[in-house]
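Shown next: upload_5.csv, containing CSV, C-alpha atoms.
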chain,number,residue,atom,x,y,z
A,1,MET,CA,47.5,96.3,61.2
A,2,LYS,CA,51.2,95.3,61.2
A,3,LYS,CA,52.2,98.9,60.6
A,4,THR,CA,50.2,100.0,63.6
A,5,LYS,CA,51.8,97.4,65.8
A,6,LYS,CA,55.3,98.4,64.6
A,7,HIS,CA,54.5,102.0,65.2
A,8,GLN,CA,53.4,101.2,68.8
A,9,GLN,CA,56.6,99.3,69.4
A,10,ASN,CA,58.7,102.2,68.1
A,11,THR,CA,56.7,104.6,70.3
A,12,GLY,CA,57.4,102.4,73.3
A,13,SER,CA,61.1,102.3,72.6
A,14,GLN,CA,61.3,106.0,72.1
A,15,VAL,CA,59.5,106.6,75.5
A,16,THR,CA,61.9,104.2,77.2
A,17,GLY,CA,64.9,106.0,75.6
A,18,ASN,CA,63.6,109.4,76.6
A,19,GLU,CA,63.2,108.2,80.2
A,20,HIS,CA,66.7,106.9,80.2
A,21,VAL,CA,68.1,110.2,78.9
A,22,LYS,CA,66.0,112.1,81.4
A,23,LYS,CA,67.2,109.9,84.3
A,24,GLN,CA,70.8,110.4,83.2
A,25,GLY,CA,70.2,114.2,83.1
A,26,GLU,CA,68.8,114.2,86.6
A,27,GLN,CA,71.8,112.2,87.9
A,28,GLU,CA,74.3,114.6,86.4
A,29,SER,CA,72.3,117.5,87.8
A,30,ARG,CA,72.5,115.9,91.3
A,31,LYS,CA,76.2,115.4,90.9
A,32,ARG,CA,76.8,119.0,89.9
A,33,GLN,CA,74.7,120.2,92.9
A,34,LYS,CA,76.7,117.9,95.2
A,35,LEU,CA,80.0,119.3,93.9
A,36,VAL,CA,78.8,122.8,94.5
A,37,GLU,CA,77.7,121.9,98.1
A,38,ILE,CA,81.0,120.2,98.8
A,39,HIS,CA,83.0,123.2,97.5
A,40,GLN,CA,80.9,125.6,99.6
A,41,ALA,CA,81.3,123.4,102.7
A,42,LEU,CA,85.1,123.2,102.3
A,43,ASN,CA,85.4,126.9,102.0
A,44,SER,CA,83.0,127.8,104.9
A,45,ASP,CA,84.7,129.1,108.1
A,46,PRO,CA,84.5,126.9,110.1
A,47,VAL,CA,84.3,124.1,107.6
A,48,ASP,CA,80.7,122.8,107.3
A,49,ILE,CA,81.4,119.2,108.4
A,50,GLU,CA,77.7,118.3,108.5
A,51,THR,CA,77.3,119.0,104.8
A,52,LEU,CA,80.5,116.9,104.1
A,53,HIS,CA,79.0,114.1,106.2
A,54,THR,CA,75.8,114.2,104.2
A,55,ALA,CA,77.7,114.2,100.9
A,56,ALA,CA,79.8,111.2,101.9
A,57,ILE,CA,76.8,109.2,103.1
A,58,SER,CA,74.3,110.1,100.3
A,59,GLU,CA,74.1,108.3,97.0
A,60,GLY,CA,77.4,108.2,95.1
A,61,GLY,CA,79.4,109.3,98.1
A,62,LEU,CA,82.2,111.7,97.3
A,63,LEU,CA,82.2,110.8,93.6
A,64,THR,CA,85.9,111.0,92.8
A,65,ASP,CA,89.3,110.5,94.3
A,66,GLU,CA,90.1,114.2,93.8
A,67,ILE,CA,87.2,115.1,96.0
A,68,ARG,CA,88.2,112.5,98.6
A,69,ARG,CA,91.7,114.0,98.8
A,70,LYS,CA,90.1,117.2,99.9
A,71,VAL,CA,87.2,115.9,102.1
A,72,TRP,CA,88.7,112.9,103.8
A,73,PRO,CA,91.2,115.0,105.8
A,74,LYS,CA,88.4,117.2,107.0
A,75,LEU,CA,86.3,114.3,108.1
A,76,LEU,CA,89.3,113.3,110.3
A,77,SER,CA,90.2,116.9,111.4
A,78,ILE,CA,93.7,116.8,109.8
A,79,ASN,CA,95.6,119.9,108.9
A,80,ILE,CA,97.1,119.3,105.5
A,81,TYR,CA,99.9,121.8,106.2
A,82,GLU,CA,101.1,119.9,109.3
A,83,LEU,CA,101.7,116.4,108.0
A,84,PRO,CA,104.1,114.0,109.6
A,85,ALA,CA,107.6,113.7,108.1
A,86,LYS,CA,108.4,110.8,105.8
A,87,PRO,CA,109.4,107.7,107.8
A,88,ALA,CA,113.1,107.0,108.2
A,89,LYS,CA,114.1,103.9,106.3
A,90,ASP,CA,116.7,102.7,108.7
A,91,ALA,CA,114.2,102.2,111.6
A,92,ARG,CA,112.0,99.6,110.1
A,93,GLU,CA,114.1,96.4,110.7
A,94,ASN,CA,114.3,97.2,114.4
A,95,HIS,CA,110.5,97.2,114.9
A,96,LYS,CA,109.1,94.2,116.7
A,97,ASP,CA,106.3,93.8,114.1
A,98,TYR,CA,108.5,94.3,111.0
A,99,ASN,CA,108.6,90.6,109.9
A,100,GLN,CA,104.8,90.2,110.3
A,101,VAL,CA,104.0,93.4,108.5
A,102,LEU,CA,106.5,92.5,105.7
A,103,LEU,CA,104.7,89.1,105.2
A,104,ASP,CA,101.3,90.6,105.1
A,105,VAL,CA,102.2,93.4,102.7
A,106,ARG,CA,104.0,91.0,100.4
A,107,ARG,CA,100.8,88.9,100.2
A,108,SER,CA,98.7,92.0,99.4
A,109,MET,CA,99.3,92.1,95.6
A,110,ARG,CA,95.6,92.0,94.7
A,111,ARG,CA,95.0,95.2,96.6
A,112,PHE,CA,96.9,97.2,94.0
A,113,PRO,CA,95.4,98.2,90.6
A,114,LYS,CA,95.4,95.6,87.9
A,115,GLY,CA,98.1,96.1,85.3
A,116,MET,CA,100.4,98.1,87.6
A,117,ARG,CA,104.0,97.4,86.8
A,118,THR,CA,106.0,95.3,89.3
A,119,GLU,CA,108.4,98.1,90.1
A,120,GLN,CA,105.6,100.5,90.8
A,121,ARG,CA,103.8,98.1,93.1
A,122,GLU,CA,107.0,97.3,95.0
A,123,VAL,CA,107.6,101.1,95.7
A,124,LEU,CA,104.0,101.3,97.1
A,125,GLN,CA,104.5,98.2,99.1
A,126,ASP,CA,107.6,99.7,100.7
A,127,GLN,CA,105.7,102.8,101.5
A,128,LEU,CA,102.9,100.7,103.0
A,129,ILE,CA,105.4,99.0,105.3
A,130,ASP,CA,106.9,102.3,106.3
A,131,ILE,CA,103.5,103.9,107.1
A,132,ILE,CA,102.4,101.0,109.3
A,133,LEU,CA,105.6,100.8,111.3
A,134,ASP,CA,105.9,104.6,111.6
A,135,VAL,CA,102.4,104.8,113.1
A,136,LEU,CA,103.0,101.9,115.5
A,137,GLN,CA,106.4,103.3,116.5
A,138,ARG,CA,105.0,106.7,117.5
A,139,ASN,CA,101.9,105.1,119.2
A,140,PRO,CA,103.2,102.3,121.4
A,141,GLN,CA,99.6,101.8,122.8
A,142,LEU,CA,98.6,100.5,119.4
A,143,HIS,CA,99.1,96.8,118.5
A,144,TYR,CA,99.3,95.6,114.9
A,145,TYR,CA,96.8,93.1,113.7
A,146,GLN,CA,96.6,91.1,110.5
A,147,GLY,CA,94.2,93.0,108.2
A,148,TYR,CA,95.4,96.4,109.3
A,149,HIS,CA,97.4,96.7,106.1
A,150,ASP,CA,94.2,96.3,104.1
A,151,ILE,CA,93.0,99.6,105.6
A,152,VAL,CA,96.3,101.4,105.3
A,153,VAL,CA,96.8,100.5,101.6
A,154,THR,CA,93.4,102.1,100.7
A,155,PHE,CA,94.5,105.5,102.1
A,156,LEU,CA,98.0,105.2,100.5
A,157,LEU,CA,96.5,104.6,97.0
A,158,VAL,CA,94.2,107.6,97.3
A,159,VAL,CA,96.0,110.3,99.3
A,160,GLY,CA,99.7,109.4,99.1
A,161,GLU,CA,102.3,108.5,101.8
A,162,ARG,CA,102.4,111.5,104.1
A,163,MET,CA,98.7,112.2,104.2
A,164,ALA,CA,98.1,108.4,104.7
A,165,ILE,CA,100.3,108.5,107.8
A,166,ALA,CA,98.3,111.4,109.3
A,167,MET,CA,94.9,109.8,108.4
A,168,VAL,CA,95.8,106.3,109.5
A,169,GLU,CA,97.3,107.6,112.8
A,170,ARG,CA,94.0,109.5,113.6
A,171,LEU,CA,91.9,106.5,112.6
A,172,SER,CA,94.0,104.1,114.7
A,173,ASN,CA,93.5,106.2,117.8
A,174,HIS,CA,89.7,106.5,117.3
A,175,HIS,CA,87.7,104.4,114.8
A,176,LEU,CA,90.0,101.4,114.8
A,177,ARG,CA,91.2,101.7,118.4
A,178,ASP,CA,89.4,98.7,119.8
A,179,PHE,CA,90.9,96.5,117.1
A,180,MET,CA,94.4,97.5,118.2
A,181,ASP,CA,94.4,96.3,121.8
A,182,PRO,CA,96.8,93.6,122.7
A,183,THR,CA,93.9,91.1,123.0
A,184,MET,CA,90.8,90.4,120.9
A,185,ASP,CA,88.4,91.2,123.7
A,186,SER,CA,87.5,94.7,122.5
A,187,THR,CA,87.1,93.4,118.9
A,188,LYS,CA,84.7,90.7,120.1
A,189,HIS,CA,82.8,93.3,122.0
A,190,ILE,CA,82.2,95.3,118.8
A,191,LEU,CA,81.2,92.1,117.0
A,192,ASN,CA,78.6,91.5,119.8
A,193,TYR,CA,76.5,94.4,118.4
A,194,LEU,CA,75.7,92.4,115.2
A,195,MET,CA,73.1,89.9,116.7
A,196,PRO,CA,71.1,92.6,118.6
A,197,ILE,CA,70.7,94.5,115.4
A,198,LEU,CA,69.4,91.4,113.6
A,199,GLU,CA,67.1,90.7,116.6
A,200,GLN,CA,65.5,94.1,116.3
A,201,VAL,CA,64.9,94.0,112.6
A,202,ASP,CA,64.2,90.3,111.9
A,203,PRO,CA,63.6,88.1,115.0
A,204,GLU,CA,63.0,85.0,112.9
A,205,LEU,CA,66.4,85.3,111.2
A,206,HIS,CA,68.0,86.1,114.5
A,207,SER,CA,66.4,82.9,116.0
A,208,PHE,CA,67.6,80.8,113.1
A,209,MET,CA,71.2,82.0,113.5
A,210,LEU,CA,71.1,81.3,117.2
A,211,ARG,CA,69.9,77.8,116.6
A,212,ALA,CA,72.6,77.3,114.1
A,213,GLU,CA,75.2,78.6,116.7
A,214,VAL,CA,77.0,80.4,113.9
A,215,GLY,CA,78.2,83.3,116.1
A,216,THR,CA,79.6,86.4,114.5
A,217,ILE,CA,83.2,85.3,113.5
A,218,PHE,CA,82.2,85.3,109.8
A,219,ALA,CA,82.1,89.1,109.9
A,220,LEU,CA,85.5,89.5,111.6
A,221,SER,CA,87.5,90.2,108.4
A,222,TRP,CA,84.7,92.5,107.2
A,223,LEU,CA,84.9,94.6,110.3
A,224,ILE,CA,88.7,94.9,111.0
A,225,THR,CA,89.5,95.7,107.4
A,226,TRP,CA,86.5,97.9,106.7
A,227,TYR,CA,85.7,95.4,103.9
A,228,GLY,CA,88.9,96.1,102.1
A,229,HIS,CA,90.1,92.5,102.3
A,230,VAL,CA,86.9,90.9,101.1
A,231,LEU,CA,85.7,93.2,98.2
A,232,SER,CA,87.4,92.7,94.8
A,233,GLU,CA,86.3,96.1,93.3
A,234,PHE,CA,88.3,99.0,94.7
A,235,ARG,CA,85.5,101.4,93.8
A,236,HIS,CA,83.2,99.6,96.2
A,237,VAL,CA,85.8,99.8,99.0
A,238,LEU,CA,86.2,103.6,98.4
A,239,ARG,CA,82.4,104.0,98.5
A,240,LEU,CA,82.3,102.3,101.9
A,241,TYR,CA,85.2,104.3,103.2
A,242,ASP,CA,83.3,107.5,102.3
A,243,PHE,CA,80.4,106.2,104.4
A,244,PHE,CA,82.5,104.9,107.4
A,245,LEU,CA,84.6,108.1,107.7
A,246,ALA,CA,81.5,110.2,107.9
A,247,SER,CA,79.7,107.9,110.4
A,248,HIS,CA,79.9,106.5,113.9
A,249,PRO,CA,82.7,103.9,114.4
A,250,LEU,CA,80.2,101.2,114.8
A,251,MET,CA,78.7,101.8,111.3
A,252,ALA,CA,80.8,99.0,109.9
A,253,ILE,CA,79.0,96.5,112.1
A,254,TYR,CA,75.6,97.9,111.1
A,255,PHE,CA,76.7,97.4,107.5
A,256,ALA,CA,77.5,93.8,108.3
A,257,ALA,CA,74.0,93.4,109.7
A,258,VAL,CA,72.3,94.7,106.5
A,259,ILE,CA,74.4,92.3,104.4
A,260,VAL,CA,73.1,89.4,106.5
A,261,LEU,CA,69.5,90.8,106.3
A,262,HIS,CA,69.9,91.2,102.5
A,263,ARG,CA,70.7,87.5,102.3
A,264,GLU,CA,67.9,86.4,104.6
A,265,GLN,CA,66.4,83.9,102.2
A,266,GLU,CA,69.7,82.3,101.4
A,267,VAL,CA,70.5,82.0,105.1
A,268,LYS,CA,67.1,80.4,105.9
A,269,SER,CA,67.5,78.0,103.0
A,270,CYS,CA,70.7,76.6,104.6
A,271,GLU,CA,70.9,73.6,106.8
A,272,CYS,CA,70.5,75.0,110.3
A,273,ASP,CA,74.0,74.2,111.5
A,274,MET,CA,77.1,76.2,112.2
A,275,ALA,CA,79.2,74.9,109.3
A,276,SER,CA,76.6,75.6,106.6
A,277,VAL,CA,75.6,79.0,107.7
A,278,HIS,CA,79.1,80.1,108.4
A,279,HIS,CA,80.3,78.9,105.0
A,280,LEU,CA,77.5,80.9,103.3
A,281,LEU,CA,78.0,84.1,105.2
A,282,SER,CA,81.7,84.1,105.0
A,283,GLN,CA,81.6,84.2,101.2
A,284,ILE,CA,80.5,87.8,100.7
A,285,PRO,CA,78.8,88.5,97.3
A,286,GLN,CA,80.6,90.9,95.0
A,287,ASP,CA,77.4,92.2,93.4
A,288,LEU,CA,75.8,93.7,96.5
A,289,PRO,CA,73.4,96.7,96.0
A,290,TYR,CA,75.8,99.0,97.9
A,291,GLU,CA,73.8,102.2,97.7
A,292,SER,CA,70.6,100.7,99.1
A,293,LEU,CA,72.6,98.8,101.8
A,294,ILE,CA,74.3,102.0,102.9
A,295,THR,CA,71.0,103.8,103.1
A,296,ARG,CA,69.5,100.9,105.1
A,297,ALA,CA,72.5,100.8,107.5
A,298,HIS,CA,72.3,104.5,108.1
A,299,SER,CA,68.6,104.2,108.8
A,300,LEU,CA,69.1,101.3,111.2
A,301,PHE,CA,71.7,103.2,113.1
A,302,LEU,CA,69.2,106.1,113.6
A,303,LEU,CA,66.4,103.7,114.5
A,304,TYR,CA,68.5,101.4,116.8
A,305,PRO,CA,71.4,103.5,118.0
A,306,PRO,CA,74.2,101.8,120.0
A,307,SER,CA,72.8,103.1,123.3
A,308,LEU,CA,69.6,101.2,122.7
A,309,LEU,CA,71.4,98.0,121.7
A,310,GLU,CA,73.5,98.2,124.9
A,311,GLN,CA,70.3,98.3,127.0
A,312,ARG,CA,68.7,95.5,125.1
A,313,ALA,CA,71.7,93.2,125.0
A,314,ALA,CA,73.5,94.1,128.2
A,315,LEU,CA,76.5,95.4,126.2
A,316,GLN,CA,78.9,97.7,128.0
A,317,SER,CA,80.1,100.7,126.1
A,318,ARG,CA,82.6,101.5,128.9
A,319,LYS,CA,84.7,98.7,127.5
A,320,SER,CA,85.1,100.4,124.2
A,321,ILE,CA,87.7,103.2,123.8
A,322,THR,CA,86.5,103.7,120.3
A,323,ILE,CA,82.9,104.5,121.3
A,324,ASN,CA,83.8,106.5,124.4
A,325,SER,CA,86.2,108.8,122.5
A,326,PHE,CA,83.9,109.4,119.5
A,327,HIS,CA,82.0,112.4,121.0
A,328,ASP,CA,85.2,114.4,121.6
A,329,PHE,CA,86.4,113.4,118.1
A,330,GLN,CA,83.2,114.7,116.6
A,331,LEU,CA,83.5,118.1,118.4
A,332,ALA,CA,87.1,118.5,117.2
A,333,THR,CA,86.0,118.1,113.6
A,334,LEU,CA,83.5,121.0,114.0
A,335,LYS,CA,86.3,123.6,114.7
A,336,GLN,CA,88.3,123.3,111.5
A,337,ARG,CA,89.4,126.3,109.4
A,338,PRO,CA,89.2,126.1,105.6
A,339,ASP,CA,92.4,125.3,103.7
A,340,ALA,CA,92.6,128.8,102.4
A,341,ILE,CA,92.9,130.1,105.9
A,342,LEU,CA,95.3,127.4,106.9
A,343,ARG,CA,97.5,128.3,103.9
A,344,GLN,CA,97.4,132.0,104.9
A,345,GLN,CA,98.5,131.1,108.4
A,346,LEU,CA,101.3,129.0,107.1
A,347,ARG,CA,102.6,131.9,105.0
A,348,GLN,CA,102.5,134.2,108.0
A,349,ARG,CA,104.8,132.0,110.0
A,350,PRO,CA,108.5,133.1,110.3
A,351,PRO,CA,110.4,131.5,107.4
A,352,ALA,CA,112.4,128.4,108.3
A,353,LEU,CA,116.2,128.6,108.1
A,354,PRO,CA,117.3,127.7,104.6
A,355,VAL,CA,119.1,124.4,104.2
A,356,ALA,CA,122.1,124.3,101.9
A,357,PRO,CA,121.8,121.8,99.1
A,358,GLN,CA,124.0,118.8,99.3
A,359,ASP,CA,126.5,118.0,96.6
A,360,GLY,CA,124.8,117.2,93.3
A,361,GLN,CA,121.4,118.4,94.6
A,362,THR,CA,119.6,121.1,92.6
A,363,SER,CA,118.2,124.1,94.5
A,364,GLY,CA,115.1,126.0,93.8
A,365,THR,CA,111.4,125.3,94.3
A,366,SER,CA,110.6,125.0,90.7
A,367,GLN,CA,113.2,122.3,90.2
A,368,LEU,CA,111.9,120.5,93.3
A,369,VAL,CA,108.4,120.5,91.9
A,370,LYS,CA,109.7,119.1,88.6
A,371,VAL,CA,111.5,116.3,90.5
A,372,ALA,CA,108.4,115.7,92.6
A,373,VAL,CA,106.1,115.4,89.6
A,374,TRP,CA,108.6,113.2,87.8
A,375,GLY,CA,108.9,111.0,90.9
A,376,ILE,CA,105.2,110.6,91.3
A,377,SER,CA,104.6,110.0,87.6
A,378,ALA,CA,107.3,107.3,87.6
A,379,THR,CA,105.7,105.6,90.5
A,380,LEU,CA,102.0,105.9,90.0
A,381,GLY,CA,101.4,107.1,86.4
A,382,ALA,CA,98.3,108.9,85.4
A,383,ALA,CA,96.5,108.5,88.7
A,384,ALA,CA,99.3,110.3,90.5
A,385,LEU,CA,99.2,113.3,88.1
A,386,ALA,CA,95.7,113.8,89.4
A,387,VAL,CA,97.1,113.9,92.9
A,388,VAL,CA,99.6,116.5,91.8
A,389,GLN,CA,97.0,118.6,90.1
A,390,THR,CA,94.8,118.5,93.3
A,391,ALA,CA,97.8,119.5,95.4
A,392,LEU,CA,98.5,122.4,93.1
A,393,ASP,CA,94.9,123.4,93.4
A,394,TRP,CA,95.3,123.5,97.2
A,395,ALA,CA,98.6,125.1,97.3
A,396,PRO,CA,102.2,124.6,96.0
A,397,GLU,CA,103.3,124.2,99.6
A,398,PHE,CA,101.1,121.1,99.9
A,399,LEU,CA,102.9,119.5,97.0
A,400,MET,CA,106.2,120.1,98.7
A,401,GLN,CA,104.9,118.4,101.8
A,402,LEU,CA,104.4,115.1,99.9
A,403,PHE,CA,108.2,114.6,99.5

Would you put the structure from the file into structure tokens?
Amino acid sequence: MKKTKKHQQNTGSQVTGNEHVKKQGEQESRKRQKLVEIHQALNSDPVDIETLHTAAISEGGLLTDEIRRKVWPKLLSINIYELPAKPAKDARENHKDYNQVLLDVRRSMRRFPKGMRTEQREVLQDQLIDIILDVLQRNPQLHYYQGYHDIVVTFLLVVGERMAIAMVERLSNHHLRDFMDPTMDSTKHILNYLMPILEQVDPELHSFMLRAEVGTIFALSWLITWYGHVLSEFRHVLRLYDFFLASHPLMAIYFAAVIVLHREQEVKSCECDMASVHHLLSQIPQDLPYESLITRAHSLFLLYPPSLLEQRAALQSRKSITINSFHDFQLATLKQRPDAILRQQLRQRPPALPVAPQDGQTSGTSQLVKVAVWGISATLGAAALAVVQTALDWAPEFLMQLF
């Protein structure tokens, strides 16, 4: 009898183990299929943006930073062969926002990888300051806000300085535009979409929050930093950036709504007053089920689009530069050429006049590449070598644009 029972237990464990192995195999198969689809989309002419959107939104997002370095620029319609020049170091102290940016960046140590050497982090922090001030200087209509650096540092860590300038500038004039007005009015307008979403999905929860008079200020730092400031795990931030870059600019507020909906029971268990509910919601959990929340946010956007919420809650989209410019932004992304074509066009341009090397400066492309690789490695270590390898996969010219 004991032998039979033990045999049954062993059989059950074996079945569970086989199911686990099967599930892992299916996941790896899906990843491989996604990689193939992304590669095909990037090499289509024009680039298949819809497939890239689907890859970024679907489970697992863009999978690796190497893929992000190829896909993120396409999601923002950026030509990797026409990146802005590196910022001039002598201009930063003259900028009106320099002191505030310096303070914010110096306080951002936790946004850098754990274990990074002090000198490495300081180099990146200097680059972060330069990127922010360069974008602001070339776009006087944009106004710095505290939390902006939390977004910029994410791009710097993934794509490097020059690509980060291009991406942040594009985002600042589109997805983040309302946050960069001289007043908070446009930002408050975006926050006003949160309660109508809750009302559509869970009227009881919506009513509870109205009685508590909690408002929406608890979600402000979530929204204006794309959750970069409030999440401790960088991988979760990257997953959300995949999602937001491939979505409507209001998707960050839909994601805020699904976080509140996910915590419905906790909220309703609170004292129905502003202090209690605000304290609970402002402490964002670090163990959120990100994939299911992303799926739900995407579904809610399709079910209750901004146009519907505007009608139900008397919101006025005309106040939002971000929303009004999104259609044209989307159309622009559909007309991109693959990198292979862009590289060919670059090679067909008339060669630039050669610049004589200065005293003590070594000439020759191979030597420059060696110096570039050494410089990246000294600054970022193993992660940077992946950037270099990706750049070499794209084209040697791209590597040269990084420096």

Step by step: start from the point (94.7, 107.2, 111.1) in the file's coordinates, keep every protein, DNA or RNA residue that has an atom no farther than 10 Å from it, count all atoms listed in the file, and write the set as JSON, numbers by chain.
-> {"A": [76, 78, 135, 151, 152, 155, 163, 164, 165, 166, 167, 168, 169, 170, 171, 172, 173, 174, 175, 176, 177]}

7 Å contact set for Pro338 of chain A, only C-alpha atoms, chain neighbours under 6 positions out, as a list in words = Leu42, Asn43, Ser44, Asp45, Pro46 and Val47 of chain A

Atomic distance atom CA of Met251 of chain A - atom CA of Glu66 of chain A, expressed in Å with one decimal = 24.3 Å

Atomic distance atom CA of Arg32 of chain A - atom CA of Pro113 of chain A, expressed in Å with one decimal | 27.9 Å

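Nearest-residue note for Gly228 of chain A: choosing from A:Gln127, A:Ser108, A:Asn94, A:Ser269, the minimum distance belongs to A:Ser108, counting all atoms listed in the file.
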
With distances taken over only C-alpha atoms, the candidate from A:Gln330, A:Thr225, A:Asn79, A:Thr54 nearest Asp150 of chain A is A:Thr225

Between A:Ile190, A:Ile294, A:Ala246, A:Ala88, which has the minimum distance to Lys319 of chain A (counting all atoms listed in the file)?
->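 Among the listed residues, A:Ile190 lies closest to Lys319 of chain A.
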
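Computed from the coordinates, the atom CA of His143 of chain A to atom CA of Ile323 of chain A distance equals 18.2 Å.
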
Residue neighbourhood Gly61 of chain A, 10 Å, all atoms listed in the file, exclusion window fewer than 2 positions, as number ranges by chain = A: 31, 34, 52-59, 63-64, 67-68, 238-243, 291

Do you know which residues are at most 10 Å from Ser232 of chain A counting only C-alpha atoms, after dropping those on the same chain fewer than 2 positions away, and could you put them as a ChimeraX atom specification?
-> /A:110-111,227-230,234-237,285-286

Minimum-distance residue to Asp178 of chain A, chosen among A:Leu198, A:Ile321, A:Ala340, A:Val71 (using all atoms listed in the file) |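 That would be A:Ile321, the residue with the smallest distance to Asp178 of chain A.
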